[in-house]
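Have a look at protein02.csv; it's CSV, C-alpha atoms:
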chain,number,residue,atom,x,y,z
G,1,MET,CA,-23.5,-134.9,30.0
G,2,ALA,CA,-20.9,-132.2,30.8
G,3,PRO,CA,-17.2,-133.2,30.6
G,4,GLY,CA,-15.6,-133.4,34.0
G,5,THR,CA,-18.7,-134.5,36.0
G,6,LEU,CA,-18.7,-137.8,37.9
G,7,GLU,CA,-22.3,-138.7,37.2
G,8,PRO,CA,-21.7,-140.6,33.9
G,9,TYR,CA,-18.9,-142.6,35.5
G,10,VAL,CA,-21.2,-143.6,38.4
G,11,ARG,CA,-23.9,-144.7,36.0
G,12,ALA,CA,-21.5,-146.9,34.1
G,13,PHE,CA,-20.2,-148.4,37.3
G,14,ARG,CA,-23.7,-149.3,38.3
G,15,VAL,CA,-24.1,-151.2,35.1
G,16,GLY,CA,-20.9,-153.1,35.6
G,17,GLY,CA,-18.4,-151.5,33.2
G,18,ARG,CA,-16.8,-148.3,32.1
G,19,LEU,CA,-17.9,-145.4,29.8
G,20,ALA,CA,-17.7,-146.2,26.1
G,21,GLY,CA,-18.7,-144.9,22.7
G,22,VAL,CA,-20.7,-141.6,22.7
G,23,SER,CA,-20.6,-141.4,26.5
G,24,ALA,CA,-16.8,-141.6,26.7
G,25,ALA,CA,-16.6,-139.2,23.8
G,26,GLU,CA,-18.5,-136.6,25.8
G,27,THR,CA,-16.0,-136.8,28.6
G,28,TYR,CA,-13.2,-136.2,26.1
G,29,ASP,CA,-15.2,-133.2,24.9
G,30,LEU,CA,-15.5,-134.7,21.4
G,31,ALA,CA,-18.2,-133.9,18.9
G,32,VAL,CA,-21.2,-136.3,19.3
G,33,PRO,CA,-25.0,-136.2,18.8
G,34,ARG,CA,-27.0,-134.8,21.7
G,35,ASP,CA,-29.2,-136.8,24.1
G,36,ALA,CA,-27.6,-140.2,23.4
G,37,PRO,CA,-28.2,-143.1,25.8
G,38,LEU,CA,-25.5,-144.3,28.2
G,39,HIS,CA,-22.8,-146.3,26.5
G,40,VAL,CA,-20.9,-148.8,28.6
G,41,HIS,CA,-18.1,-151.2,27.8
G,42,VAL,CA,-18.0,-154.6,29.6
G,43,PRO,CA,-15.8,-157.6,29.2
G,44,HIS,CA,-17.0,-160.5,27.0
G,45,SER,CA,-17.6,-162.6,30.0
G,46,ALA,CA,-19.6,-160.0,31.9
G,47,ALA,CA,-23.1,-161.2,33.0
G,48,ARG,CA,-25.8,-160.1,35.4
G,49,LEU,CA,-25.5,-156.5,34.3
G,50,ARG,CA,-27.5,-154.0,36.4
G,51,SER,CA,-29.6,-151.1,35.5
G,52,GLU,CA,-27.8,-147.7,35.6
G,53,GLN,CA,-30.8,-146.2,37.5
G,54,THR,CA,-31.5,-149.0,40.0
G,55,PRO,CA,-28.5,-151.3,40.8
G,56,TYR,CA,-30.8,-154.0,42.3
G,57,VAL,CA,-32.6,-154.5,38.9
G,58,ARG,CA,-31.1,-156.6,36.1
G,59,LEU,CA,-30.3,-154.9,32.8
G,60,ARG,CA,-32.1,-157.1,30.3
G,61,ASP,CA,-32.1,-155.0,27.1
G,62,THR,CA,-28.5,-154.1,26.3
G,63,GLN,CA,-29.4,-152.1,23.2
G,64,GLY,CA,-32.2,-150.1,24.7
G,65,ARG,CA,-33.2,-146.5,24.8
G,66,THR,CA,-31.3,-145.8,28.1
G,67,THR,CA,-28.2,-148.1,27.9
G,68,VAL,CA,-26.1,-149.4,25.1
G,69,VAL,CA,-23.5,-152.1,26.1
G,70,HIS,CA,-20.3,-152.6,24.1
G,71,ARG,CA,-18.3,-155.8,24.3
G,72,GLY,CA,-15.2,-156.8,22.5
G,73,ARG,CA,-11.5,-156.3,22.6
G,74,THR,CA,-10.0,-152.8,23.5
G,75,GLN,CA,-6.6,-151.4,24.1
G,76,PRO,CA,-5.1,-152.7,27.4
G,77,GLN,CA,-6.5,-150.9,30.4
G,78,SER,CA,-4.3,-148.4,32.2
G,79,THR,CA,-4.8,-146.0,35.1
G,80,SER,CA,-6.2,-143.4,32.7
G,81,THR,CA,-8.7,-145.8,31.0
G,82,ARG,CA,-10.0,-147.6,34.1
G,83,LEU,CA,-13.2,-145.6,34.1
G,84,ARG,CA,-13.6,-145.0,30.4
G,85,VAL,CA,-12.2,-146.5,27.2
G,86,GLY,CA,-9.3,-144.8,25.5
G,87,VAL,CA,-9.8,-142.3,22.7
G,88,LEU,CA,-8.9,-144.7,20.0
G,89,ASP,CA,-11.4,-147.3,21.2
G,90,CYS,CA,-13.9,-144.6,21.8
G,91,VAL,CA,-14.0,-143.3,18.2
G,92,VAL,CA,-14.1,-146.9,16.9
G,93,GLN,CA,-17.2,-147.6,19.1
G,94,VAL,CA,-18.8,-144.4,18.0
G,95,ALA,CA,-18.3,-145.6,14.4
G,96,LEU,CA,-19.9,-148.9,15.2
G,97,SER,CA,-22.9,-147.6,17.0
G,98,GLU,CA,-23.7,-144.3,15.4
G,99,SER,CA,-24.3,-142.9,11.9
G,100,GLU,CA,-21.4,-142.5,9.5
G,101,ASP,CA,-21.7,-138.7,9.7
G,102,ASP,CA,-21.6,-138.8,13.6
G,103,ALA,CA,-18.5,-141.1,13.4
G,104,VAL,CA,-16.7,-138.6,11.1
G,105,ALA,CA,-17.7,-135.7,13.3
G,106,CYS,CA,-16.3,-137.5,16.3
G,107,MET,CA,-13.0,-138.3,14.5
G,108,ASP,CA,-12.8,-134.7,13.2
G,109,SER,CA,-12.9,-133.3,16.7
G,110,ALA,CA,-10.4,-135.9,18.1
G,111,VAL,CA,-7.9,-134.8,15.4
G,112,HIS,CA,-8.8,-131.1,15.8
G,113,ALA,CA,-8.2,-131.4,19.6
G,114,GLY,CA,-4.9,-133.3,19.2
G,115,LEU,CA,-6.2,-136.4,21.0
G,116,ILE,CA,-5.6,-138.5,17.9
G,117,ALA,CA,-2.7,-137.9,15.5
G,118,PRO,CA,-3.6,-137.9,11.8
G,119,SER,CA,-1.1,-140.8,11.5
G,120,ALA,CA,-3.4,-142.9,13.8
G,121,LEU,CA,-6.3,-142.8,11.3
G,122,GLY,CA,-4.9,-145.8,9.5
G,123,MET,CA,-5.0,-147.8,12.7
G,124,ILE,CA,-8.6,-146.8,13.2
G,125,ALA,CA,-9.5,-147.9,9.7
G,126,ALA,CA,-7.9,-151.3,10.4
G,127,LEU,CA,-10.0,-151.7,13.5
G,128,LEU,CA,-13.3,-151.0,11.7
G,129,PRO,CA,-15.2,-153.5,9.6
G,130,ALA,CA,-14.7,-153.2,5.8
G,131,ARG,CA,-18.0,-151.4,5.4
G,132,LEU,CA,-16.8,-148.6,7.6
G,133,SER,CA,-13.0,-148.6,6.9
G,134,HIS,CA,-13.4,-145.6,4.5
G,135,LEU,CA,-14.5,-143.2,7.2
G,136,PRO,CA,-11.1,-142.2,8.5
G,137,GLN,CA,-10.2,-141.1,4.9
G,138,ILE,CA,-13.0,-138.5,5.2
G,139,VAL,CA,-11.7,-137.0,8.4
G,140,ASP,CA,-10.7,-133.3,8.4
G,141,GLY,CA,-9.2,-132.0,11.6
G,142,ARG,CA,-9.9,-128.4,10.6
G,143,SER,CA,-13.6,-128.9,11.5
G,144,ASP,CA,-14.1,-127.5,15.0
G,145,SER,CA,-17.7,-128.3,15.7
G,146,TYR,CA,-20.2,-131.2,15.4
G,147,LEU,CA,-22.5,-129.1,13.2
G,148,GLU,CA,-19.7,-128.1,10.9
G,149,SER,CA,-18.7,-131.7,10.3
G,150,ILE,CA,-22.3,-132.8,9.8
G,151,ALA,CA,-23.0,-130.0,7.3
G,152,ARG,CA,-19.9,-130.6,5.2
G,153,ARG,CA,-20.8,-134.3,5.0
G,154,LYS,CA,-24.4,-133.6,4.0
G,155,LEU,CA,-23.1,-131.1,1.3
G,156,ALA,CA,-20.6,-133.6,0.0
G,157,ARG,CA,-23.4,-136.2,-0.5
G,158,ALA,CA,-25.3,-133.6,-2.5
G,159,GLY,CA,-22.2,-133.1,-4.7
G,160,ILE,CA,-21.3,-129.7,-3.2
G,161,HIS,CA,-17.7,-129.1,-2.3
G,162,CYS,CA,-16.9,-126.7,0.5
G,163,GLU,CA,-13.8,-125.3,2.1
G,164,ILE,CA,-13.5,-125.4,5.9
G,165,GLN,CA,-12.5,-122.6,8.3
G,166,VAL,CA,-11.6,-120.1,5.5
G,167,PRO,CA,-9.6,-117.2,6.8
G,168,VAL,CA,-10.6,-113.6,6.1
G,169,LEU,CA,-8.0,-110.9,6.4
G,170,GLY,CA,-6.0,-113.2,8.5
G,171,GLU,CA,-8.1,-112.9,11.6
G,172,ARG,CA,-11.7,-113.9,11.0
G,173,TRP,CA,-12.8,-117.4,9.9
G,174,ILE,CA,-15.8,-118.6,7.9
G,175,ASP,CA,-17.2,-122.0,8.9
G,176,LEU,CA,-17.8,-123.2,5.3
G,177,VAL,CA,-17.3,-121.5,1.9
G,178,ILE,CA,-19.0,-122.8,-1.2
G,179,GLY,CA,-17.5,-121.6,-4.5
G,180,ASP,CA,-15.9,-118.2,-4.3
G,181,ARG,CA,-18.2,-116.3,-2.0
G,182,LEU,CA,-21.1,-118.3,-0.5
G,183,ALA,CA,-20.3,-118.2,3.3
G,184,ILE,CA,-22.1,-120.7,5.5
G,185,GLU,CA,-22.1,-119.8,9.2
G,186,LEU,CA,-23.3,-122.5,11.6
G,187,ASP,CA,-25.0,-121.9,15.0
G,188,GLY,CA,-24.7,-124.8,17.3
G,189,ALA,CA,-27.7,-126.0,19.4
G,190,GLY,CA,-26.5,-124.4,22.6
G,191,LYS,CA,-25.2,-121.1,21.2
G,192,TYR,CA,-27.7,-119.0,23.1
G,193,GLN,CA,-28.7,-121.4,25.9
G,194,GLY,CA,-28.0,-120.6,29.5
G,195,PHE,CA,-27.0,-117.0,29.0
G,196,SER,CA,-28.6,-113.8,30.3
G,197,ASP,CA,-30.7,-111.6,28.1
G,198,ALA,CA,-27.9,-109.1,27.9
G,199,GLU,CA,-25.3,-111.7,26.9
G,200,ILE,CA,-27.7,-113.2,24.2
G,201,ALA,CA,-28.3,-109.6,22.8
G,202,ARG,CA,-24.5,-109.1,22.7
G,203,ARG,CA,-24.0,-112.4,20.8
G,204,VAL,CA,-26.8,-111.7,18.4
G,205,HIS,CA,-25.2,-108.3,17.7
G,206,ALA,CA,-21.8,-109.8,17.2
G,207,ASP,CA,-23.3,-112.3,14.7
G,208,ARG,CA,-25.0,-109.5,12.7
G,209,GLU,CA,-21.9,-107.4,12.8
G,210,ARG,CA,-19.9,-110.3,11.5
G,211,ASP,CA,-22.4,-111.1,8.7
G,212,ALA,CA,-22.4,-107.4,7.7
G,213,PHE,CA,-18.6,-107.4,7.6
G,214,LEU,CA,-18.5,-110.5,5.4
G,215,GLU,CA,-21.2,-109.0,3.0
G,216,ALA,CA,-19.1,-105.8,2.7
G,217,LEU,CA,-16.1,-108.0,1.6
G,218,GLY,CA,-18.3,-109.5,-1.1
G,219,PHE,CA,-19.5,-112.7,0.5
G,220,HIS,CA,-23.0,-113.9,0.4
G,221,VAL,CA,-23.8,-115.1,3.9
G,222,ILE,CA,-26.2,-117.8,5.0
G,223,ARG,CA,-26.5,-118.6,8.7
G,224,LEU,CA,-27.8,-122.1,9.5
G,225,SER,CA,-29.1,-123.3,12.9
G,226,TYR,CA,-28.7,-126.7,14.4
G,227,ARG,CA,-32.3,-127.6,13.5
G,228,MET,CA,-31.9,-126.5,9.9
G,229,VAL,CA,-29.0,-128.9,9.4
G,230,LEU,CA,-30.2,-131.8,11.6
G,231,ASP,CA,-34.0,-131.7,11.3
G,232,ASP,CA,-34.8,-129.8,8.1
G,233,TRP,CA,-32.0,-130.6,5.8
G,234,PRO,CA,-34.0,-131.1,2.5
G,235,ALA,CA,-35.4,-127.6,2.8
G,236,THR,CA,-32.0,-126.2,3.8
G,237,LEU,CA,-30.3,-127.9,0.9
G,238,SER,CA,-32.9,-126.6,-1.5
G,239,MET,CA,-32.2,-123.1,-0.3
G,240,ILE,CA,-28.5,-123.5,-0.8
G,241,GLN,CA,-29.0,-125.0,-4.3
G,242,ALA,CA,-31.3,-122.1,-5.2
G,243,VAL,CA,-28.5,-119.6,-4.3
G,244,MET,CA,-26.0,-121.6,-6.4
G,245,ASP,CA,-28.4,-121.9,-9.3
G,246,ARG,CA,-28.4,-118.1,-9.5
G,247,GLY,CA,-24.6,-118.1,-9.5
G,248,ASP,CA,-24.4,-116.2,-6.2
G,249,HIS,CA,-21.7,-118.5,-5.0
G,250,LEU,CA,-19.3,-117.2,-7.7
G,251,ARG,CA,-17.7,-113.8,-8.0
G,252,SER,CA,-18.5,-111.8,-11.1
G,253,SER,CA,-15.9,-112.1,-13.8
Please express what this file holds, its structure, as structure tokens.
Amino acid sequence: MAPGTLEPYVRAFRVGGRLAGVSAAETYDLAVPRDAPLHVHVPHSAARLRSEQTPYVRLRDTQGRTTVVHRGRTQPQSTSTRLRVGVLDCVVQVALSESEDDAVACMDSAVHAGLIAPSALGMIAALLPARLSHLPQIVDGRSDSYLESIARRKLARAGIHCEIQVPVLGERWIDLVIGDRLAIELDGAGKYQGFSDAEIARRVHADRERDAFLEALGFHVIRLSYRMVLDDWPATLSMIQAVMDRGDHLRSS
């Protein structure tokens, strides 16, 4: 669901509400999981909701695979939030409907993009139930991608601290650094999608050139794909731990 397209708004209108949760987050260009169902916010009193695909068919399962309906109080509607909930309500709904890691990634990107001020994180915590109120404390606006946020949270749960967006010579940045020299570079799901063969070759070359540059500066580089982080994390974590067990994340004294 590309930001700026009308299609998600039309689908929400067919249901009888406005974009919410993950669907609203996508229109704000926030970091959210891929291929999520349509999320729609409707008033408490809303009834006889319709299918997003066929407006003449009643929507019976409001937590189904294609549509998730949010009810409840939100910030007062304005001209800018008539078709989608505001950013504050959006990230709260993401926290309520998605995993904790997804919620942190969404908040990370909202702060990174300047859509939510760090001072507003306390307000978000107050709007969340007690079991989730700790999430805003984890937010780090330096994270600039969904995969980066997810990887750092997974590493933290394994007891591995990492630094985010580490500068090198003042002009290049490393996604994550563990210890003194273990550089983790993250390749998002769509990094090479939709490009010509020539452009893909150029990007691959740039990645290899970058990795060689970092190795020459004394970093040990591991490049992780979207699938390695999201779908094969146990094996990926084992690989990172093996590198750390050898001490390759530390500089020689």
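Using all atoms listed in the file, the smallest distance between any of G:Val32, G:Ala235, G:Val166, G:Ala130 and Met107 in chain G comes from G:Val32.
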At a cut-off of 9 Å around the point (-7.5, -135.4, 8.4) (file coordinates), what residues fall inside when counting all atoms listed in the file? I'd like the answer as a list in words. Met107, Asp108, Val111, His112, Ala117, Pro118, Ser119, Leu121, Pro136, Gln137, Ile138, Val139, Asp140, Gly141 and Arg142 of chain G
Between G:Ser97, G:Tyr28, G:Thr79, G:Tyr146, smallest distance to Ala113 in chain G by all atoms listed in the file belongs to G:Tyr28
Please list as an NGL selection string every residue within 12 Å of Val243 in chain G, counting all atoms listed in the file and excluding residues in the same chain fewer than 2 positions away. :G and (178-179 or 181-184 or 220-222 or 236-241 or 245-250)
Output the selection as an mmCIF file, keeping the file's coordinate frame - C-alpha atoms for each residue.
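Heads up, here's the output in out03.cif:
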data_model
loop_
_atom_site.group_PDB
_atom_site.id
_atom_site.type_symbol
_atom_site.label_atom_id
_atom_site.label_comp_id
_atom_site.auth_asym_id
_atom_site.auth_seq_id
_atom_site.Cartn_x
_atom_site.Cartn_y
_atom_site.Cartn_z
ATOM 1 C CA ILE G 178 -19.000 -122.800 -1.200
ATOM 2 C CA GLY G 179 -17.500 -121.600 -4.500
ATOM 3 C CA ARG G 181 -18.200 -116.300 -2.000
ATOM 4 C CA LEU G 182 -21.100 -118.300 -0.500
ATOM 5 C CA ALA G 183 -20.300 -118.200 3.300
ATOM 6 C CA ILE G 184 -22.100 -120.700 5.500
ATOM 7 C CA HIS G 220 -23.000 -113.900 0.400
ATOM 8 C CA VAL G 221 -23.800 -115.100 3.900
ATOM 9 C CA ILE G 222 -26.200 -117.800 5.000
ATOM 10 C CA THR G 236 -32.000 -126.200 3.800
ATOM 11 C CA LEU G 237 -30.300 -127.900 0.900
ATOM 12 C CA SER G 238 -32.900 -126.600 -1.500
ATOM 13 C CA MET G 239 -32.200 -123.100 -0.300
ATOM 14 C CA ILE G 240 -28.500 -123.500 -0.800
ATOM 15 C CA GLN G 241 -29.000 -125.000 -4.300
ATOM 16 C CA ASP G 245 -28.400 -121.900 -9.300
ATOM 17 C CA ARG G 246 -28.400 -118.100 -9.500
ATOM 18 C CA GLY G 247 -24.600 -118.100 -9.500
ATOM 19 C CA ASP G 248 -24.400 -116.200 -6.200
ATOM 20 C CA HIS G 249 -21.700 -118.500 -5.000
ATOM 21 C CA LEU G 250 -19.300 -117.200 -7.700
#
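The spacing separating CA of Gln77 in chain G from CA of Cys90 in chain G amounts to 13.0 Å.
Note that CA of Glu163 in chain G and CA of Phe213 in chain G are 19.3 Å apart.
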Quick one: residues within 12 Å of Asp29 in chain G, all atoms listed in the file counted, chain neighbours fewer than 5 positions away excluded, as a ChimeraX atom specification? /G:1-5,22-24,87,90,106-107,109-110,112-115,144-146
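The list of residues with at least one atom within 10 Å of Leu135 in chain G, based on only C-alpha atoms and without residues fewer than 6 positions apart in the same chain, reads Ala95, Glu100, Asp101, Ala103, Val104, Met107, Leu121, Ile124, Ala125 and Leu128 of chain G.
Taking CA of Pro167 in chain G and CA of Val229 in chain G as endpoints, the distance between them is 22.8 Å.
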Write out as a PyMOL selection string the residues lying within 10 Å of range 203-210 of chain G, counting all atoms listed in the file and excluding same-chain residues fewer than 4 positions away. chain G and resi 172+174+185+187+191-192+195+197-199+214-216+221+223
Nearest to Leu6 in chain G: which of G:His161, G:Arg153, G:Arg71, G:Arg84 is it, counting all atoms listed in the file? G:Arg84
Return the single residue from G:Cys162, G:Val177, G:Leu38, G:Arg73 that is closest to Glu26 in chain G, with distances computed using only C-alpha atoms. G:Leu38
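Restricting the calculation to all atoms listed in the file, the smallest distance between Asp211 in chain G and any of G:Ile150, G:Arg82, G:Gly122, G:Leu186 is found for G:Leu186.
Closest approach to Asp175 in chain G among G:Arg131, G:His70, G:Ile200, G:Leu224: G:Leu224, based on all atoms listed in the file.
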Would you output range 73-117 of chain G from that structure, restricted to C-alpha atoms, as an mmCIF file, in the first residue's frame?
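Dumped to decode-v3.cif:
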data_model
loop_
_atom_site.group_PDB
_atom_site.id
_atom_site.type_symbol
_atom_site.label_atom_id
_atom_site.label_comp_id
_atom_site.auth_asym_id
_atom_site.auth_seq_id
_atom_site.Cartn_x
_atom_site.Cartn_y
_atom_site.Cartn_z
ATOM 1 C CA ARG G 73 -11.931 6.990 21.556
ATOM 2 C CA THR G 74 -9.452 8.919 19.396
ATOM 3 C CA GLN G 75 -8.288 12.518 19.200
ATOM 4 C CA PRO G 76 -11.040 14.866 17.906
ATOM 5 C CA GLN G 77 -11.385 14.667 14.145
ATOM 6 C CA SER G 78 -10.108 17.516 12.017
ATOM 7 C CA THR G 79 -9.832 18.148 8.300
ATOM 8 C CA SER G 80 -6.498 16.304 8.212
ATOM 9 C CA THR G 81 -7.832 13.251 10.075
ATOM 10 C CA ARG G 82 -11.189 12.862 8.361
ATOM 11 C CA LEU G 83 -9.957 9.957 6.209
ATOM 12 C CA ARG G 84 -7.348 8.505 8.565
ATOM 13 C CA VAL G 85 -6.644 8.674 12.273
ATOM 14 C CA GLY G 86 -3.936 11.037 13.469
ATOM 15 C CA VAL G 87 -0.377 9.851 13.986
ATOM 16 C CA LEU G 88 -0.746 9.640 17.775
ATOM 17 C CA ASP G 89 -3.836 7.428 17.541
ATOM 18 C CA CYS G 90 -2.207 5.496 14.712
ATOM 19 C CA VAL G 91 0.835 4.376 16.732
ATOM 20 C CA VAL G 92 -1.370 3.520 19.729
ATOM 21 C CA GLN G 93 -3.539 1.307 17.510
ATOM 22 C CA VAL G 94 -0.441 -0.362 16.058
ATOM 23 C CA ALA G 95 0.727 -1.141 19.593
ATOM 24 C CA LEU G 96 -2.660 -2.634 20.437
ATOM 25 C CA SER G 97 -2.943 -4.799 17.332
ATOM 26 C CA GLU G 98 0.607 -5.786 16.385
ATOM 27 C CA SER G 99 3.615 -7.318 18.135
ATOM 28 C CA GLU G 100 5.667 -5.272 20.579
ATOM 29 C CA ASP G 101 8.584 -5.169 18.128
ATOM 30 C CA ASP G 102 6.303 -3.859 15.368
ATOM 31 C CA ALA G 103 4.944 -1.214 17.737
ATOM 32 C CA VAL G 104 8.441 -0.020 18.649
ATOM 33 C CA ALA G 105 9.448 0.062 14.977
ATOM 34 C CA CYS G 106 6.423 2.200 14.157
ATOM 35 C CA MET G 107 7.152 4.631 17.002
ATOM 36 C CA ASP G 108 10.853 4.709 16.090
ATOM 37 C CA SER G 109 10.010 5.829 12.573
ATOM 38 C CA ALA G 110 7.425 8.376 13.740
ATOM 39 C CA VAL G 111 10.035 10.053 15.951
ATOM 40 C CA HIS G 112 12.732 9.707 13.267
ATOM 41 C CA ALA G 113 10.469 11.413 10.707
ATOM 42 C CA GLY G 114 9.543 14.185 13.133
ATOM 43 C CA LEU G 115 5.845 13.240 13.112
ATOM 44 C CA ILE G 116 5.917 12.629 16.864
ATOM 45 C CA ALA G 117 8.073 14.645 19.244
#
